[in-house]
Amino acid sequence: MRNYLRRTFGIDLRSLALFRICVGIILLIDICVRFSDLTVHYVDSGVLPRDVATKETLSIWVSSLHLITGSAIGQSILLIINMFLAFLFLIGYKTRIVTVLCWIFIVSLQARNVLILSGADDTLRLSLFFCMFLPLGARYSVDSMMNSGKYITNNQYFSMGTVAILIQISMIYVFSFILRDSPIWKEEYTALYYMFNIDFFSNDLGRLFLNYPPLLTALTFIFVWVELIGPIIVHIPWFYVPMRLLVIGIFFSMHIGIATTMGLGFFPFISMATWLLFLPSPVWDYITKKLQTLSRKEMIIYYDRGCDFCRKACAFLTTFVLLPGTKIIAADTDPKILKILESKNSWIVIDNLQKKRFGFNALTYVMQKSPIFWFISYPMKLSFIANFGEKIYQYVATNRPMFSKILSPLRWNELSFSFPRWQQIILLVAVLYIVFLNISSIPGVREKFPKDLYGPSYMLGLYQTWNLFAPYPIVGDGWFVMPGKLVNGKEVDLWRNAEEVTWDKPDEVRHDFKNNRWVKYMVNISLNRKWKGHLLYYGRYLCRQWNAKHTGDDRLHTFSINYIMEKTLPDFKPPVPQKINLWNHECFKLKK
């Protein structure tokens with residue numbers, strides 16, 4: 001049983017590193033997207049002022065750092081801090097501490113405006129929670145680069161942390177299957193037909209599939225049953241490597257299909273990142289063996305032992321550019337090499353043919369042999385770049401003490417993979433709790449549990465309900481028209497940047513939305529009864545925005561928010577557009 005658990009719930013350290021890098025990139029992109037809507041979604045003059053968020057959207061169990069300020073400058077500072085932490089997470093610097101801080105900031109950021117959240121945010125937040133209990137910096141990181149202890153060659157890692165995160169990933173799909181309890185998913189297999197008819201999600205490629213009904217039926221069948229069968233097969237110990245590669249390949253194909261046919265933000269990408277954790281050690285060993293060519297294995301790098309900057313630079317190259325295990329040797333171990341190093345004032349790179357390279361030329365050769373950055377070596381060989389690079393190298397070489405001082409905050413430390421027993425106990429409780437949360441998300445079950453049991457899930461960011469397109473996809477999609485009347489009587493469409501008002505369907509409905517977060521916000525306040533009261537705050541925001549830029553008779557006086565609904569009918573029947581007036585707003589009273 002112990003061997004079974006280690007094999008099925010263990011994670012390769014290299015898979016953890018790749019997962020960390022992908023999550024770090026997604027974090028940075030997500031924060032950049034949020035930056036573009038800073039004043040709308042996080043500032044008091046936007047759609048959700050802090051007093052409204054505190055009263056109407058936040059649980060009593062939740063607090064948010066982003067509630068300490070309602071100004072654009074204050075929120076910008078918080079996002080910049082978040083972005084800096086995401087970068088440190090990406091490169092694996094002080095990984096344990098930085099992961100905790102990233103988790104705190106992402107819980108806080110998501111709590112500030114829950115109206116724009118989606119399943120992608122849940123997956124990202126939960127991933128960061130479990131990452132706090134995993135050695136993400138053990139490979140391909142600044143932490144591993146600065147390891148002064150013995151290099152641990154065993155890449156297979158097993159702990160309560162690996163068990164927890166793999167169970168969490170599996171539950172996303174199993175409970176998505178359970179919650180999709182509708183005939184269109186499991187009897188008629190028409191769900192993708194309805195999904196590709198959702199105009200604010202689907203694109204041209206997605207709508208192209210509507211021309212092939214039998215294919216849609218087959219894809220729906222595969223889609224829904226893979227969600228149940230895949231997470232089961234991936235934990236079977238027999239035919240371990242081929243089974244895992246098969247399941248990973250199927251889920252990657254599924255999420256690539258989602259990404260290319262529907263606009264669901266970063267959901268497909270964070271989902272693919274989680275499946276990287278299942279990559280087994282034999283796959284990494286095979287790739288490493290293939291990459292260890294003769295020229296890479298027999299390359300030797302000599303550096304000046306007395307130069308701390310030189311040692312760190314060589315460690316950086318072998319960690320992020322070359323393969324771990326590349327020979328890095330202090331020059332004073334060989335008197336002949338030391339003499340050459342001192343005369344050339346340069347590090348020395350010796351290839352498998354015993355040819356010696358120095359300065360920028362040596363760096364070019366190292367990049368050429370890199371399995372990742374080999375393409376950079378081509379421009380580096382150009383004469384004008386090589387000459388300039390050599391001048392830069394000589395400047396660095398003659399100022400090594402200064403650069404050593406600059407890099408002094410990077411300290412050599414012994415890397416540890418162990419986690420205290422009390423953290424393992426916390427994880428065990430967390431796993432049992434998320435199982436409870438997912439069971440309680442099943443319709444009819446939630447009402448049987450006291451509401452107080454759900455409070456800690458909001459405080460710890462463990463809350464989750466995997467009901468994307470469940471129990472069935474939206475059937476009442478459409479487009480917005482917001483005719484506004486200025487003081488001078490002119491009519492403008494506020495939804496489409498003051499263009500002439502038209503009630504016709506746009507060529508691309510999804511292009512009316514700046515990004516996926518705007519889709520979530522507008523769908524929530526328009527079609528979700530729980531949030532319809534926020535049409536008032538959206539209306540006030542539109543008034544402020546327009547009248548801050550216009551004066552006199554060009555000010556916005558009144559407007560209405562209308563939704564032209566096209567209810568998707570079965571069997572490819574053409575929909576009949578229906579106008580729904582959602583909200584009427586008066587910005588101010590006109591003086592008589």
# chains A, B, ... in the order shown; residues from 1 in each chain; ligands from 1
$ select_by_dssp --residues "region 427-588 of chain A" --states "strand (DSSP E)" --output "ChimeraX atom specification"
/A:476-481,483-486,491-493,556-567,578-586
$ select_by_dssp --residues "region 79-175 of chain A" --states "helix (DSSP H, G or I)" --output "count of residues only"
67
$ closest_residue --among "A:His235, A:Arg540, A:His511, A:Lys344" --to "Asp44 (chain A)" --atoms "only C-alpha atoms"
A:Arg540
$ closest_residue --among "A:Pro242, A:Pro471, A:Gly70, A:Pro371" --to "Thr319 (chain A)" --atoms "only C-alpha atoms"
A:Pro371
$ residues_around --residues "Thr398 (chain A)" --least-positions-apart "5" --cutoff "10 Å" --atoms "only C-alpha atoms" --output "ChimeraX atom specification"
/A:345-346,393,403
$ write_last_selection --atoms "C-alpha atoms" --output "short mmCIF file (atom, residue, chain, number, x, y, z; two decimals), in the first residue's frame"
data_model
loop_
_atom_site.label_atom_id
_atom_site.label_comp_id
_atom_site.auth_asym_id
_atom_site.auth_seq_id
_atom_site.Cartn_x
_atom_site.Cartn_y
_atom_site.Cartn_z
CA ASN A 345 41.03 37.49 -16.64
CA SER A 346 38.18 35.27 -17.73
CA TYR A 393 32.12 40.98 -20.29
CA PHE A 403 28.91 42.70 -8.74
#
$ closest_residue --among "A:Val349, A:Ala397, A:Ile21, A:Leu38" --to "Gly74 (chain A)" --atoms "only C-alpha atoms"
A:Leu38
$ residues_around --residues "region 296-307 of chain A" --least-positions-apart "4" --cutoff "6 Å" --atoms "only C-alpha atoms" --output "VMD selection string"
chain A and resid 292 327 to 331 347 to 352
$ write_last_selection --atoms "N, CA, C and O atoms" --output "PDB file, in the first residue's frame"
ATOM      1  N   GLN A 292      21.264  14.805 -22.711  1.00  0.00           N
ATOM      2  CA  GLN A 292      22.657  14.720 -22.263  1.00  0.00           C
ATOM      3  C   GLN A 292      23.547  14.189 -23.391  1.00  0.00           C
ATOM      4  O   GLN A 292      24.033  13.058 -23.359  1.00  0.00           O
ATOM      5  N   LYS A 327      29.511  20.129 -15.194  1.00  0.00           N
ATOM      6  CA  LYS A 327      30.687  20.256 -14.325  1.00  0.00           C
ATOM      7  C   LYS A 327      31.103  21.716 -14.166  1.00  0.00           C
ATOM      8  O   LYS A 327      31.451  22.382 -15.138  1.00  0.00           O
ATOM      9  N   ILE A 328      31.058  22.185 -12.925  1.00  0.00           N
ATOM     10  CA  ILE A 328      31.549  23.525 -12.580  1.00  0.00           C
ATOM     11  C   ILE A 328      32.652  23.333 -11.559  1.00  0.00           C
ATOM     12  O   ILE A 328      32.425  22.801 -10.466  1.00  0.00           O
ATOM     13  N   ILE A 329      33.854  23.761 -11.898  1.00  0.00           N
ATOM     14  CA  ILE A 329      35.015  23.482 -11.059  1.00  0.00           C
ATOM     15  C   ILE A 329      35.765  24.781 -10.771  1.00  0.00           C
ATOM     16  O   ILE A 329      35.939  25.625 -11.662  1.00  0.00           O
ATOM     17  N   ALA A 330      36.198  24.925  -9.528  1.00  0.00           N
ATOM     18  CA  ALA A 330      37.036  26.077  -9.172  1.00  0.00           C
ATOM     19  C   ALA A 330      38.392  25.938  -9.856  1.00  0.00           C
ATOM     20  O   ALA A 330      38.992  24.860  -9.874  1.00  0.00           O
ATOM     21  N   ALA A 331      38.880  27.025 -10.419  1.00  0.00           N
ATOM     22  CA  ALA A 331      40.109  26.979 -11.233  1.00  0.00           C
ATOM     23  C   ALA A 331      41.336  26.611 -10.416  1.00  0.00           C
ATOM     24  O   ALA A 331      42.301  26.038 -10.948  1.00  0.00           O
ATOM     25  N   TRP A 347      36.638  33.547 -17.156  1.00  0.00           N
ATOM     26  CA  TRP A 347      36.282  32.163 -16.900  1.00  0.00           C
ATOM     27  C   TRP A 347      36.699  31.309 -18.107  1.00  0.00           C
ATOM     28  O   TRP A 347      37.020  31.849 -19.172  1.00  0.00           O
ATOM     29  N   ILE A 348      36.688  30.004 -17.951  1.00  0.00           N
ATOM     30  CA  ILE A 348      37.124  29.107 -19.026  1.00  0.00           C
ATOM     31  C   ILE A 348      36.072  28.024 -19.232  1.00  0.00           C
ATOM     32  O   ILE A 348      35.634  27.377 -18.271  1.00  0.00           O
ATOM     33  N   VAL A 349      35.675  27.857 -20.464  1.00  0.00           N
ATOM     34  CA  VAL A 349      34.748  26.782 -20.821  1.00  0.00           C
ATOM     35  C   VAL A 349      35.481  25.847 -21.783  1.00  0.00           C
ATOM     36  O   VAL A 349      35.952  26.270 -22.841  1.00  0.00           O
ATOM     37  N   ILE A 350      35.593  24.579 -21.386  1.00  0.00           N
ATOM     38  CA  ILE A 350      36.291  23.584 -22.202  1.00  0.00           C
ATOM     39  C   ILE A 350      35.263  22.604 -22.764  1.00  0.00           C
ATOM     40  O   ILE A 350      34.488  22.015 -22.010  1.00  0.00           O
ATOM     41  N   ASP A 351      35.269  22.439 -24.088  1.00  0.00           N
ATOM     42  CA  ASP A 351      34.296  21.542 -24.707  1.00  0.00           C
ATOM     43  C   ASP A 351      34.809  20.107 -24.706  1.00  0.00           C
ATOM     44  O   ASP A 351      35.898  19.810 -24.184  1.00  0.00           O
ATOM     45  N   ASN A 352      34.047  19.197 -25.297  1.00  0.00           N
ATOM     46  CA  ASN A 352      34.402  17.778 -25.288  1.00  0.00           C
ATOM     47  C   ASN A 352      35.626  17.466 -26.147  1.00  0.00           C
ATOM     48  O   ASN A 352      36.212  16.394 -26.029  1.00  0.00           O
TER      49      ASN A 352
END
$ atom_distance --atom1 "CA of Trp546 (chain A)" --atom2 "CA of Asp51 (chain A)"
22.7 Å
$ closest_atom_pairs --of "region 420-486 of chain A" --to "region 154-164 of chain A" --cutoff "10 Å" --atoms "only C-alpha atoms" --output "tab-separated table"
residue	atom	partner	partner_atom	distance
A:Arg421	CA	A:Met160	CA	9.7
A:Gln423	CA	A:Met160	CA	8.8
A:Gln424	CA	A:Met160	CA	5.7
A:Ile425	CA	A:Met160	CA	8.3
A:Ile426	CA	A:Met160	CA	9.4
A:Leu427	CA	A:Met160	CA	6.5
A:Leu428	CA	A:Met160	CA	6.9
A:Val429	CA	A:Ala164	CA	9.9
A:Ala430	CA	A:Ala164	CA	8.0
A:Val431	CA	A:Ala164	CA	5.8
A:Leu432	CA	A:Ala164	CA	9.4
A:Ile434	CA	A:Ala164	CA	9.6
$ atom_distance --atom1 "CA of Leu291 (chain A)" --atom2 "CA of Cys314 (chain A)"
19.4 Å
$ atom_distance --atom1 "CA of Gly552 (chain A)" --atom2 "CA of Thr39 (chain A)"
24.7 Å
$ closest_residue --among "A:Phe588, A:Phe384, A:Phe360, A:Phe316" --to "Leu410 (chain A)" --atoms "only C-alpha atoms"
A:Phe316
$ closest_residue --among "A:Val576, A:Val114, A:Met145, A:Leu353" --to "Ala313 (chain A)" --atoms "only C-alpha atoms"
A:Met145
$ closest_atom_pairs --of "region 25-137 of chain A" --to "region 446-458 of chain A" --cutoff "12 Å" --atoms "only C-alpha atoms" --output "JSON lines"
{"residue": "A:Thr57", "atom": "CA", "partner": "A:Tyr458", "partner_atom": "CA", "distance": 11.9}
{"residue": "A:Leu58", "atom": "CA", "partner": "A:Tyr458", "partner_atom": "CA", "distance": 9.3}
{"residue": "A:Ser59", "atom": "CA", "partner": "A:Tyr458", "partner_atom": "CA", "distance": 7.3}
{"residue": "A:Ile60", "atom": "CA", "partner": "A:Gly455", "partner_atom": "CA", "distance": 8.1}
{"residue": "A:Trp61", "atom": "CA", "partner": "A:Gly455", "partner_atom": "CA", "distance": 5.8}
{"residue": "A:Val62", "atom": "CA", "partner": "A:Tyr458", "partner_atom": "CA", "distance": 6.0}
{"residue": "A:Ser63", "atom": "CA", "partner": "A:Tyr458", "partner_atom": "CA", "distance": 9.4}
{"residue": "A:Ser64", "atom": "CA", "partner": "A:Tyr458", "partner_atom": "CA", "distance": 11.4}
{"residue": "A:Val107", "atom": "CA", "partner": "A:Tyr458", "partner_atom": "CA", "distance": 9.0}
{"residue": "A:Ser108", "atom": "CA", "partner": "A:Tyr458", "partner_atom": "CA", "distance": 10.8}
{"residue": "A:Gln110", "atom": "CA", "partner": "A:Tyr458", "partner_atom": "CA", "distance": 10.9}
{"residue": "A:Ala111", "atom": "CA", "partner": "A:Tyr458", "partner_atom": "CA", "distance": 9.0}
{"residue": "A:Val114", "atom": "CA", "partner": "A:Tyr458", "partner_atom": "CA", "distance": 11.7}
{"residue": "A:Asp122", "atom": "CA", "partner": "A:Tyr458", "partner_atom": "CA", "distance": 11.4}
{"residue": "A:Arg125", "atom": "CA", "partner": "A:Tyr458", "partner_atom": "CA", "distance": 11.4}
{"residue": "A:Leu126", "atom": "CA", "partner": "A:Ser457", "partner_atom": "CA", "distance": 10.7}
{"residue": "A:Phe129", "atom": "CA", "partner": "A:Ser457", "partner_atom": "CA", "distance": 11.6}
$ write_last_selection --atoms "N, CA, C and O atoms" --output "short mmCIF file (atom, residue, chain, number, x, y, z; two decimals), in the first residue's frame"
data_model
loop_
_atom_site.label_atom_id
_atom_site.label_comp_id
_atom_site.auth_asym_id
_atom_site.auth_seq_id
_atom_site.Cartn_x
_atom_site.Cartn_y
_atom_site.Cartn_z
N THR A 57 -21.05 41.83 -0.73
CA THR A 57 -20.36 40.74 -1.43
C THR A 57 -19.41 39.95 -0.54
O THR A 57 -19.07 38.81 -0.86
N LEU A 58 -18.95 40.53 0.56
CA LEU A 58 -17.97 39.85 1.41
C LEU A 58 -18.66 39.05 2.51
O LEU A 58 -19.60 39.52 3.15
N SER A 59 -18.15 37.84 2.74
CA SER A 59 -18.59 37.03 3.86
C SER A 59 -17.99 37.61 5.14
O SER A 59 -16.94 38.27 5.11
N ILE A 60 -18.62 37.36 6.28
CA ILE A 60 -18.09 37.85 7.55
C ILE A 60 -16.77 37.15 7.90
O ILE A 60 -16.02 37.60 8.75
N TRP A 61 -16.51 36.03 7.22
CA TRP A 61 -15.28 35.28 7.46
C TRP A 61 -14.10 35.84 6.66
O TRP A 61 -12.96 35.44 6.88
N VAL A 62 -14.37 36.75 5.74
CA VAL A 62 -13.34 37.18 4.79
C VAL A 62 -12.97 38.63 5.02
O VAL A 62 -13.82 39.48 5.27
N SER A 63 -11.69 38.90 4.93
CA SER A 63 -11.20 40.27 4.90
C SER A 63 -10.30 40.41 3.68
O SER A 63 -9.92 39.43 3.06
N SER A 64 -9.98 41.63 3.33
CA SER A 64 -9.17 41.86 2.13
C SER A 64 -8.23 43.03 2.34
O SER A 64 -8.65 44.11 2.79
N VAL A 107 -5.95 35.66 -2.40
CA VAL A 107 -7.20 35.55 -1.66
C VAL A 107 -7.78 36.94 -1.43
O VAL A 107 -8.99 37.17 -1.61
N SER A 108 -6.93 37.88 -1.07
CA SER A 108 -7.36 39.26 -0.83
C SER A 108 -7.88 39.91 -2.11
O SER A 108 -8.94 40.55 -2.12
N GLN A 110 -9.02 38.49 -4.90
CA GLN A 110 -10.26 37.89 -5.38
C GLN A 110 -11.44 38.29 -4.50
O GLN A 110 -12.56 38.45 -5.00
N ALA A 111 -11.20 38.44 -3.21
CA ALA A 111 -12.28 38.83 -2.31
C ALA A 111 -12.75 40.26 -2.56
O ALA A 111 -13.91 40.60 -2.28
N VAL A 114 -15.88 39.88 -6.09
CA VAL A 114 -16.26 38.50 -6.42
C VAL A 114 -17.14 38.42 -7.66
O VAL A 114 -17.37 37.33 -8.19
N ASP A 122 -10.77 30.10 -8.96
CA ASP A 122 -10.83 29.08 -7.91
C ASP A 122 -9.65 28.12 -8.04
O ASP A 122 -8.99 27.78 -7.06
N ARG A 125 -6.37 29.92 -7.02
CA ARG A 125 -6.31 30.15 -5.57
C ARG A 125 -6.05 28.85 -4.80
O ARG A 125 -5.22 28.81 -3.88
N LEU A 126 -6.76 27.80 -5.16
CA LEU A 126 -6.58 26.51 -4.50
C LEU A 126 -5.20 25.93 -4.76
O LEU A 126 -4.59 25.31 -3.88
N PHE A 129 -2.78 27.51 -2.45
CA PHE A 129 -2.93 27.03 -1.08
C PHE A 129 -2.10 25.76 -0.88
O PHE A 129 -1.33 25.64 0.08
#
$ closest_residue --among "A:Asp30, A:Glu566, A:Asp554, A:Asp285" --to "Leu124 (chain A)" --atoms "only C-alpha atoms"
A:Asp30
$ residues_around --residues "region 276-279 of chain A" --least-positions-apart "5" --cutoff "7 Å" --atoms "only C-alpha atoms" --output "PyMOL selection string"
chain A and resi 11+15-16+19+244
$ write_last_selection --atoms "N, CA, C and O atoms" --output "PDB file, in the first residue's frame"
ATOM      1  N   ILE A  11       4.933  13.097  -6.595  1.00  0.00           N
ATOM      2  CA  ILE A  11       5.122  14.030  -7.705  1.00  0.00           C
ATOM      3  C   ILE A  11       6.619  14.211  -7.926  1.00  0.00           C
ATOM      4  O   ILE A  11       7.383  14.374  -6.971  1.00  0.00           O
ATOM      5  N   SER A  15       8.456  18.081 -12.149  1.00  0.00           N
ATOM      6  CA  SER A  15       7.071  18.415 -12.479  1.00  0.00           C
ATOM      7  C   SER A  15       6.581  19.562 -11.602  1.00  0.00           C
ATOM      8  O   SER A  15       5.873  20.460 -12.067  1.00  0.00           O
ATOM      9  N   LEU A  16       6.969  19.532 -10.327  1.00  0.00           N
ATOM     10  CA  LEU A  16       6.610  20.630  -9.419  1.00  0.00           C
ATOM     11  C   LEU A  16       7.220  21.944  -9.900  1.00  0.00           C
ATOM     12  O   LEU A  16       6.568  22.995  -9.841  1.00  0.00           O
ATOM     13  N   PHE A  19       5.349  23.161 -12.949  1.00  0.00           N
ATOM     14  CA  PHE A  19       4.060  23.671 -12.477  1.00  0.00           C
ATOM     15  C   PHE A  19       4.220  25.061 -11.876  1.00  0.00           C
ATOM     16  O   PHE A  19       3.423  25.969 -12.151  1.00  0.00           O
ATOM     17  N   ARG A 244      -0.680   7.385 -17.595  1.00  0.00           N
ATOM     18  CA  ARG A 244      -0.603   8.806 -17.224  1.00  0.00           C
ATOM     19  C   ARG A 244      -0.428   9.699 -18.451  1.00  0.00           C
ATOM     20  O   ARG A 244      -1.069  10.744 -18.562  1.00  0.00           O
TER      21      ARG A 244
END
$ residues_around --residues "Met195 (chain A)" --least-positions-apart "4" --cutoff "12 Å" --atoms "only C-alpha atoms" --output "PyMOL selection string"
chain A and resi 184-185+189-191+199-203+206-207+209-210+216+220+258+261-264+468-470+472-477+568
